[in-house]
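Student: A single structure is presented below for examination.
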Protein chains: 2
Amino acid sequence: MEDNIKLFHGDGGKYTSMLINELFYKYFNNEILLRGFDSSVFHVNKEKLAFTTDSFVVKPLFFSGGDIGKLSVCGTINDLAVSGARPLYLSAGFIIEEGFSYIDLEKIVRSMGETCKETGAMIITGDTKVVEKGSADGLFINTAGIGVIENNYAEKEIKQGDHIIITGSIAEHGTAIMLERYKIKVKGDFQSDCSPVSNIIRSLSRYYNGIKLMKDPTRGGVATALNEISALAGKGIKIYEDSLPIRKEVIALCNILGIDPLYLASEGRVILVVDPCMSQDILECIRSLENGKDSKIIGNFINNNGPIVYLETEIGGKRILNTLETQMLPRIC
Amino acid sequence: MEDNIKLFHGDGGKYTSMLINELFYKYFNNEILLRGFDSSVFHVNKEKLAFTTDSFVVKPLFFSGGDIGKLSVCGTINDLAVSGARPLYLSAGFIIEEGFSYIDLEKIVRSMGETCKETGAMIITGDTKVVEKGSADGLFINTAGIGVIENNYAEKEIKQGDHIIITGSIAEHGTAIMLERYKIKVKGDFQSDCSPVSNIIRSLSRYYNGIKLMKDPTRGGVATALNEISALAGKGIKIYEDSLPIRKEVIALCNILGIDPLYLASEGRVILVVDPCMSQDILECIRSLENGKDSKIIGNFINNNGPIVYLETEIGGKRILNTLETQMLPRIC
């Protein structure tokens, strides 16, 4: 382990995993945490609940398609939703730099309230700290969330042939942040996809017996999320480049900047691993929703000797997609 | 409202309340939040649960008697405990400044793990963000916690004559932080009281029908906590100066620095409002525990026309204790 913390320890990739495994799991050693899911599932007597948290340090605070407030609510709601939980209650902890604009704070808080309303979740507890000018960068928000697992959703064993679905076009949050932060002027509509996915997952409840795993491809993008899924399953994944939903503008921009969109964050998409017998029904159900209309089957689990993620390119070539190695874009969320 | 955020908006006093009432309650408007307790109590079917959060920005990170890790676990566990909840599960969100010492991080994480073990609570979900050097001051930690309300504890109507108990000597966290931060060299043992209080509250379970309200006097100290209790009850409080447990060293130091210890934070004490018929039994029960041995009855509710907190001095004078008006010592927790 390095002798001090580097930016890449927070990028959601390989070094974040190292920190989690070597430090947090060592001292917070318990069975629920060690499962390593987006939300932790626990029981209180007969109730099956999910609990999750995220701190948000996104830069800039306002971006096309959202702001840190909307993001902080979506992030936690989506982590609950992909565990099969209906988001119920959220906490909100604010760390504010002295001198921060009251008007901006109000915009952000309003946007948290509106996003909650959209999903039915409620912020029921909170905390505010103010630190001296120069001791924080504007505003950081932590949210934690509690949800109730409904219709007895549970993750299931993944098998060869299982299909992989994504609910919409990828890399849009990452590109929106990049453009805003580096003040890159390009034509085209580059909005973050930042939005709640709980409506999609709720609408799929009748197919829960065919859904084996759900994950939202945030930090580290689709490639990192697929690597995590592949590691959990202990099996390889093949993804077809020509089936990946990516908007043309996003591809063009990533080409210019030399960035792989497969590693850029989404904040309103879900990857689902589904039983191939049910994948068409699930796909149609997702596509019937406004925020699922670009949903696609992007690949499947393959037979091999362990976790690996391949991309099959349009011309039939094969490329291994590794977990994100180092920081491409810090403070994406 | 000010047009930008000042340090005093985060001190737990009058301006923090204004921010909560004018901003957060406006946009996060729901019945559970508006109750305004340390933890929010909610139901999932038959289960009665409590949920709370705190962000910790204490400066310095290490102090006599604890560190930000221990504090971040105690703070949330104690907020759950004073709601009558047994702390079950915690989340931990880390915001780390690039370059932060790995060894220090390990000490802090270890101390979180140890404090959890002491109380039986478990950290089951977490998040790590790293921001560029200069964008945060070392390390901030958010914890949120879930507990289950046992033995049907509930807050009750407070009446004239009800007794007020404190579980131990006051202002010790505040003085420990002050000495450490300003490198004041004085003789004597100045340790923070930072510790879990859940054992005290659990041991009182057979007296829950006589306990009307519990609160931990953190930011803003005993005076601010009493003002909050008085406002909730809509009745006045009288406190007797000579019954307040304060260590001699703490009084001497506060005299030298011209600071009122009634406004300095404790992080391991509870204020209880109890039925006078049961106050002796409750006091003895608390005193039988190591961290309750200095417990005292410090005052009672009086008959008057609304919320107010008086201190009766040793020579029989009366002084009104207002809510903390402005920042005495920022970043106490």
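By order in the structure tokens, chains are A, B, ...; within a chain, residues start at 1; ligands start at 1, following the order shown.
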Would you kindly return, as a PyMOL selection string, each protein, DNA or RNA residue with an atom no farther than 12 Å from any atom of Pro330 (chain A), considering only C-alpha atoms and excluding same-chain residues fewer than 4 positions away?
Tutor: (chain A and resi 6-13+56-60+174+177-178+181+219-220+264-265+326) or (chain B and resi 98+129-132)
Student: Any idea what's packed within 9 Å of Asp38 (chain A), counting only C-alpha atoms, ignoring anything in its chain fewer than 3 positions away? Could you give it as a ChimeraX atom specification?
Tutor: /A:51-53,79-80,82-83,215-216 /B:125
Student: Using C-alpha atoms, can you write the selected residues to a file as an mmCIF file, in the first residue's frame?
Tutor:
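Result file follows (selection_29.cif):
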```cif
data_model
loop_
_atom_site.group_PDB
_atom_site.id
_atom_site.type_symbol
_atom_site.label_atom_id
_atom_site.label_comp_id
_atom_site.auth_asym_id
_atom_site.auth_seq_id
_atom_site.Cartn_x
_atom_site.Cartn_y
_atom_site.Cartn_z
ATOM 1 C CA PHE A 51 -28.715 0.345 3.541
ATOM 2 C CA THR A 52 -26.208 2.327 1.481
ATOM 3 C CA THR A 53 -24.183 5.531 1.522
ATOM 4 C CA ASP A 79 -27.824 2.002 -5.145
ATOM 5 C CA LEU A 80 -30.887 0.943 -3.173
ATOM 6 C CA VAL A 82 -30.283 -2.091 -7.830
ATOM 7 C CA SER A 83 -30.463 -4.168 -4.643
ATOM 8 C CA LYS A 215 -25.639 -2.782 -10.870
ATOM 9 C CA ASP A 216 -25.353 0.874 -11.799
ATOM 10 C CA THR B 125 -21.706 -0.002 3.995
#
```
Student: Write out, as a Markdown table, each residue of chain B that has an atom at most 7 Å from chain A, together with the closest pair of atoms and their distance in Å to one decimal, counting only C-alpha atoms, rows going by chain and rising number.
Tutor:
```
| residue | atom | partner | partner_atom | distance |
| --- | --- | --- | --- | --- |
| B:Asp3 | CA | A:Tyr102 | CA | 5.3 |
| B:Asn4 | CA | A:Ser101 | CA | 4.4 |
| B:Ile5 | CA | A:Gly99 | CA | 5.0 |
| B:Lys6 | CA | A:Glu98 | CA | 5.2 |
| B:Leu7 | CA | A:Val130 | CA | 5.4 |
| B:His9 | CA | A:Val130 | CA | 6.6 |
| B:Gly10 | CA | A:Lys129 | CA | 4.6 |
| B:Leu23 | CA | A:Glu106 | CA | 6.8 |
| B:Phe24 | CA | A:Val109 | CA | 7.0 |
| B:Tyr27 | CA | A:Gly113 | CA | 5.1 |
| B:Phe28 | CA | A:Gly113 | CA | 5.3 |
| B:Ile32 | CA | A:Ile124 | CA | 5.8 |
| B:Leu33 | CA | A:Ile124 | CA | 4.3 |
| B:Ser39 | CA | A:Thr125 | CA | 6.8 |
| B:Ser40 | CA | A:Thr125 | CA | 6.0 |
| B:Thr52 | CA | A:Thr125 | CA | 5.7 |
| B:Thr53 | CA | A:Gly126 | CA | 5.9 |
| B:Asp54 | CA | A:Asp127 | CA | 5.4 |
| B:Ser55 | CA | A:Gly93 | CA | 5.8 |
| B:Ser91 | CA | A:Thr53 | CA | 6.2 |
| B:Gly93 | CA | A:Ser55 | CA | 5.8 |
| B:Glu98 | CA | A:Lys6 | CA | 5.2 |
| B:Gly99 | CA | A:Ile5 | CA | 5.0 |
| B:Phe100 | CA | A:Ile5 | CA | 5.2 |
| B:Ser101 | CA | A:Asn4 | CA | 4.4 |
| B:Tyr102 | CA | A:Asn4 | CA | 4.6 |
| B:Glu106 | CA | A:Leu23 | CA | 6.8 |
| B:Val109 | CA | A:Tyr27 | CA | 6.6 |
| B:Arg110 | CA | A:Tyr27 | CA | 5.5 |
| B:Gly113 | CA | A:Tyr27 | CA | 5.1 |
| B:Ile123 | CA | A:Phe28 | CA | 6.0 |
| B:Ile124 | CA | A:Leu33 | CA | 4.3 |
| B:Thr125 | CA | A:Thr52 | CA | 5.7 |
| B:Gly126 | CA | A:Thr53 | CA | 5.9 |
| B:Asp127 | CA | A:Asp54 | CA | 5.3 |
| B:Thr128 | CA | A:Gly10 | CA | 5.8 |
| B:Lys129 | CA | A:Gly10 | CA | 4.6 |
| B:Val130 | CA | A:Gly10 | CA | 4.7 |
| B:Val131 | CA | A:Leu7 | CA | 6.5 |
| B:Glu132 | CA | A:Leu7 | CA | 6.7 |
| B:Ser135 | CA | A:Asp137 | CA | 4.8 |
| B:Ala136 | CA | A:Ala136 | CA | 4.2 |
| B:Asp137 | CA | A:Ser135 | CA | 4.9 |
| B:Asn142 | CA | A:Asn142 | CA | 6.8 |
| B:Ala144 | CA | A:Ala144 | CA | 6.5 |
| B:Arg331 | CA | A:Val131 | CA | 6.9 |
```
Student: How many Å lie between CA of Lys296 (chain A) and CA of Thr76 (chain A), rounded to one decimal?
Tutor: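 It comes out at 24.2 Å.
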Student: Name the residues of region 65-250 of chain A that come out as helix (DSSP H, G or I) in a backbone DSSP run; write them as a ChimeraX atom specification.
Tutor: /A:68-81,102-119,172-181,198-203,205-210,221-233,241-243,248-250
Student: Find the residues near Lys235 (chain A): any atom within 6 Å, counting only C-alpha atoms, skip ones fewer than 3 places away on the same chain, and give them as a PyMOL selection string.
Tutor: chain A and resi 230+306-307
Student: How about saving the chosen residues, C-alpha atoms kept, as an mmCIF file, in the first residue's frame?
Tutor:
```
data_model
loop_
_atom_site.group_PDB
_atom_site.id
_atom_site.type_symbol
_atom_site.label_atom_id
_atom_site.label_comp_id
_atom_site.auth_asym_id
_atom_site.auth_seq_id
_atom_site.Cartn_x
_atom_site.Cartn_y
_atom_site.Cartn_z
ATOM 1 C CA SER A 230 -17.658 -10.856 -13.719
ATOM 2 C CA GLY A 306 -12.638 -17.300 -14.542
ATOM 3 C CA PRO A 307 -13.588 -13.635 -14.515
#
```
Student: Measure the distance from CA of Ala154 (chain B) to CA of Val309 (chain B) in Å and round it to one decimal.
Tutor: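 Pair CA of Ala154 (chain B) / CA of Val309 (chain B) returns 23.8 Å.
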Student: Could you name the residues that touch Thr119 (chain B) at 8 Å or less, counting only C-alpha atoms, but leaving out those on the same chain fewer than 4 positions away, as an MDAnalysis selection string?
Tutor: chainID B and resid 87 115 196 198:199
